[in-house]
file coords15.cif (mmCIF, C-alpha atoms)
data_final
loop_
_atom_site.label_atom_id
_atom_site.label_comp_id
_atom_site.auth_asym_id
_atom_site.auth_seq_id
_atom_site.Cartn_x
_atom_site.Cartn_y
_atom_site.Cartn_z
CA MET A 22 289.64 137.79 -70.64
CA SER A 23 289.76 141.55 -71.04
CA MET A 24 292.23 143.11 -73.41
CA LEU A 25 293.04 145.93 -71.00
CA VAL A 26 293.48 145.43 -67.28
CA PRO A 27 293.89 148.83 -65.63
CA PHE A 28 296.05 147.52 -62.80
CA ALA A 29 298.42 145.44 -64.96
CA THR A 30 301.99 146.38 -64.17
CA LEU A 31 305.34 144.68 -64.48
CA ASN A 32 308.27 144.96 -62.15
CA PRO A 33 311.08 143.37 -64.14
CA ASP A 34 314.38 142.80 -62.44
CA ALA A 35 317.90 142.54 -63.85
CA ASP A 36 317.22 138.99 -65.03
CA THR A 37 313.70 139.37 -66.48
CA HIS A 38 313.68 142.84 -68.07
CA GLU A 39 314.95 141.55 -71.45
CA PHE A 40 312.15 138.95 -71.62
CA TRP A 41 309.55 141.67 -71.08
CA ASP A 42 311.29 144.03 -73.52
CA PHE A 43 311.00 141.33 -76.21
CA CYS A 44 307.33 140.80 -75.32
CA ARG A 45 306.68 144.51 -75.69
CA ARG A 46 308.03 144.14 -79.26
CA ARG A 47 305.81 141.06 -79.67
CA GLU A 48 308.74 138.68 -79.83
CA LEU A 49 308.68 135.54 -77.70
CA ARG A 50 312.26 134.73 -76.78
CA PHE A 51 313.79 132.48 -74.16
CA GLN A 52 317.30 132.26 -72.77
CA ARG A 53 319.47 129.45 -74.06
CA CYS A 54 322.73 128.62 -72.31
CA GLY A 55 325.81 129.51 -74.33
CA ALA A 56 327.69 126.50 -72.97
CA CYS A 57 325.31 123.51 -72.75
CA GLY A 58 322.59 124.83 -75.09
CA ARG A 59 319.67 124.18 -72.74
CA PHE A 60 316.75 126.59 -72.64
CA ARG A 61 315.57 128.14 -69.39
CA GLN A 62 312.57 130.08 -68.16
CA PRO A 63 312.35 132.18 -66.08
CA PRO A 64 315.50 134.05 -67.13
CA LEU A 65 318.45 133.57 -64.79
CA PRO A 66 321.97 135.01 -64.56
CA GLY A 67 323.47 131.51 -64.77
CA CYS A 68 322.55 128.11 -66.11
CA PRO A 69 321.00 125.84 -63.47
CA HIS A 70 322.35 122.80 -65.35
CA CYS A 71 326.02 123.63 -66.01
CA GLY A 72 326.60 126.91 -64.14
CA ALA A 73 327.71 128.90 -67.21
CA THR A 74 326.89 132.61 -67.24
CA THR A 75 326.78 133.04 -71.02
CA TYR A 76 323.47 132.91 -72.84
CA GLU A 77 321.59 134.09 -75.89
CA TRP A 78 317.94 135.01 -76.46
CA ILE A 79 316.35 132.65 -78.98
CA ALA A 80 313.11 133.53 -80.76
CA VAL A 81 310.44 130.82 -80.74
CA ARG A 82 307.36 130.50 -82.92
CA GLY A 83 305.00 130.39 -79.96
CA ARG A 84 303.46 127.05 -80.79
CA GLY A 85 303.16 124.46 -78.06
CA HIS A 86 300.73 122.43 -76.02
CA VAL A 87 299.00 122.65 -72.67
CA PHE A 88 301.07 120.92 -69.99
CA SER A 89 298.68 121.81 -67.15
CA TYR A 90 295.71 124.10 -66.52
CA THR A 91 293.07 125.34 -64.13
CA VAL A 92 289.78 127.11 -64.73
CA VAL A 93 289.33 130.06 -62.36
CA HIS A 94 285.75 130.69 -61.25
CA HIS A 95 286.31 133.25 -58.48
CA ALA A 96 287.85 136.67 -59.11
CA ALA A 97 290.73 137.32 -56.75
CA VAL A 98 290.40 141.08 -57.26
CA PRO A 99 287.32 143.17 -58.21
CA PRO A 100 288.62 144.52 -61.56
CA ILE A 101 288.51 141.03 -63.10
CA GLN A 102 285.15 139.91 -61.69
CA HIS A 103 283.55 140.20 -65.14
CA ASP A 104 286.23 137.98 -66.70
CA VAL A 105 285.52 134.79 -64.74
CA PRO A 106 285.65 132.04 -65.56
CA TYR A 107 289.07 132.21 -67.22
CA VAL A 108 291.67 129.58 -67.95
CA VAL A 109 295.25 129.60 -66.62
CA ILE A 110 297.54 127.29 -68.56
CA VAL A 111 301.12 126.09 -68.45
CA VAL A 112 302.49 125.86 -71.99
CA GLU A 113 305.34 123.64 -73.20
CA PHE A 114 306.93 124.80 -76.45
CA ASP A 115 307.67 122.77 -79.56
CA ASP A 116 310.92 124.62 -80.31
CA ALA A 117 312.17 125.32 -76.76
CA PRO A 118 312.57 122.00 -74.93
CA GLU A 119 312.04 122.11 -71.16
CA VAL A 120 310.53 125.62 -71.22
CA ARG A 121 307.18 126.04 -69.51
CA LEU A 122 305.35 129.35 -69.32
CA VAL A 123 302.28 130.22 -67.23
CA SER A 124 299.72 132.17 -69.25
CA ASN A 125 296.05 132.21 -70.22
CA LEU A 126 293.97 130.37 -72.79
CA VAL A 127 291.87 132.87 -74.74
CA ASP A 128 289.27 132.63 -77.49
CA ALA A 129 287.95 129.33 -76.10
CA PRO A 130 285.52 128.26 -73.39
CA GLY A 131 286.91 126.68 -70.24
CA ASP A 132 285.55 123.26 -71.16
CA ALA A 133 287.65 123.29 -74.38
CA VAL A 134 290.96 123.02 -72.53
CA ARG A 135 292.69 119.68 -71.97
CA ILE A 136 296.19 118.41 -71.31
CA GLY A 137 298.03 118.21 -74.62
CA LEU A 138 295.81 120.78 -76.39
CA PRO A 139 297.90 122.40 -79.18
CA VAL A 140 298.07 126.18 -78.73
CA ASP A 141 299.36 129.20 -80.64
CA LEU A 142 300.70 132.48 -79.31
CA VAL A 143 298.64 135.66 -79.39
CA TRP A 144 299.71 139.00 -77.96
CA HIS A 145 297.53 141.00 -75.60
CA GLU A 146 298.16 144.56 -74.56
CA ALA A 147 297.17 144.43 -70.89
CA ALA A 148 298.08 148.05 -70.12
CA ALA A 149 300.16 150.83 -71.56
CA ASP A 150 303.60 149.33 -72.22
CA VAL A 151 302.57 145.86 -70.90
CA VAL A 152 302.27 143.23 -73.64
CA LEU A 153 301.57 139.69 -72.49
CA PRO A 154 301.96 136.38 -74.30
CA ARG A 155 298.68 134.47 -74.23
CA PHE A 156 297.51 131.45 -76.17
CA ARG A 157 294.53 130.19 -78.13
CA PRO A 158 293.75 126.71 -79.42
CA ALA A 159 295.81 126.01 -82.55
CA THR A 160 293.97 126.10 -85.84
#

call {"tool": "encode", "arguments": {"input": "coords15.cif", "output": "structure tokens"}}
result
Amino acid sequence: MSMLVPFATLNPDADTHEFWDFCRRRELRFQRCGACGRFRQPPLPGCPHCGATTYEWIAVRGRGHVFSYTVVHHAAVPPIQHDVPYVVIVVEFDDAPEVRLVSNLVDAPGDAVRIGLPVDLVWHEAAADVVLPRFRPAT
């Protein structure tokens, strides 16, 4: 998958802007409820489990495993036609229970992916001021 995608933009809202600000600094952080201690992603103004509105941003190592995946063989938009096939994965994190994040598997062919594959975080600058968390097979 290309390092730079000319049309990559983010439109963070009041709940997600902090997540993307951390990503821009190459820090993967998730919200954890200040009352019940459960992690959540995507970021929300209140805990879906206990209703509390207090939270903190906890840094995670970025190590996890593939929960689900698909290999994309058809470019949805022309600028990425040279990047197919590419792999879309859902990652579960070792140090953030119940968090799942949709991303891409990089540095591996599509036939290398499988459910449970251990993965490590890598950062990709997709556009000016847009830094995305992506993952490669763990070494």

call {"tool": "residues_near_point", "arguments": {"input": "coords15.cif", "point": "(305.3, 122.0, -73.5)", "cutoff": "7 Å", "atoms": "only C-alpha atoms", "output": "list in words"}}
result
Gly85, His86, Val87, Phe88, Val112, Glu113, Phe114, Asp115, Val120 and Arg121 of chain A

call {"tool": "closest_atom_pairs", "arguments": {"input": "coords15.cif", "of": "segment 69-119 of chain A", "to": "segment 47-64 of chain A", "cutoff": "6 Å", "atoms": "only C-alpha atoms", "output": "Markdown table"}}
result
| residue | atom | partner | partner_atom | distance |
| --- | --- | --- | --- | --- |
| A:Thr75 | CA | A:Gly55 | CA | 4.9 |
| A:Tyr76 | CA | A:Cys54 | CA | 4.4 |
| A:Glu77 | CA | A:Arg53 | CA | 5.4 |
| A:Trp78 | CA | A:Gln52 | CA | 4.6 |
| A:Ile79 | CA | A:Arg50 | CA | 5.1 |
| A:Ala80 | CA | A:Arg50 | CA | 4.2 |
| A:Val81 | CA | A:Arg50 | CA | 5.9 |

call {"tool": "atom_distance", "arguments": {"input": "coords15.cif", "atom1": "atom CA of Arg155 of chain A", "atom2": "atom CA of Pro66 of chain A"}}
result
25.2 Å

call {"tool": "residues_around", "arguments": {"input": "coords15.cif", "residues": "Val134 of chain A", "least_positions_apart": "6", "cutoff": "10 Å", "atoms": "all atoms listed in the file", "output": "ChimeraX atom specification"}}
result
/A:87,89-92,108-110,126,140,157-158

call {"tool": "residues_around", "arguments": {"input": "coords15.cif", "residues": "Ala96 of chain A", "least_positions_apart": "5", "cutoff": "9 Å", "atoms": "only C-alpha atoms", "output": "PyMOL selection string"}}
result
chain A and resi 101-106

call {"tool": "closest_residue", "arguments": {"input": "coords15.cif", "among": "A:Tyr107, A:Cys71, A:Glu146, A:Val151", "to": "Val93 of chain A", "atoms": "all atoms listed in the file"}}
result
A:Tyr107

call {"tool": "resolve_selection", "arguments": {"input": "coords15.cif", "expression": "the PyMOL selection byres ((chain A and resi 36) around 9)", "output": "list in words"}}
result
Pro33, Asp34, Ala35, Thr37, His38, Glu39, Phe40, Pro63, Pro64, Leu65 and Pro66 of chain A

call {"tool": "residues_around", "arguments": {"input": "coords15.cif", "residues": "Asp141 of chain A", "least_positions_apart": "2", "cutoff": "6 Å", "atoms": "all atoms listed in the file", "output": "list in words"}}
result
Gly83, Arg84, Phe156, Arg157 and Ala159 of chain A

call {"tool": "atom_distance", "arguments": {"input": "coords15.cif", "atom1": "atom CA of Pro99 of chain A", "atom2": "atom CA of Val143 of chain A"}}
result
25.2 Å

call {"tool": "atom_distance", "arguments": {"input": "coords15.cif", "atom1": "atom CA of Pro139 of chain A", "atom2": "atom CA of Thr160 of chain A"}}
result
8.6 Å

call {"tool": "closest_residue", "arguments": {"input": "coords15.cif", "among": "A:Pro69, A:Pro154, A:Gly137, A:Pro100", "to": "Arg45 of chain A", "atoms": "all atoms listed in the file"}}
result
A:Pro154
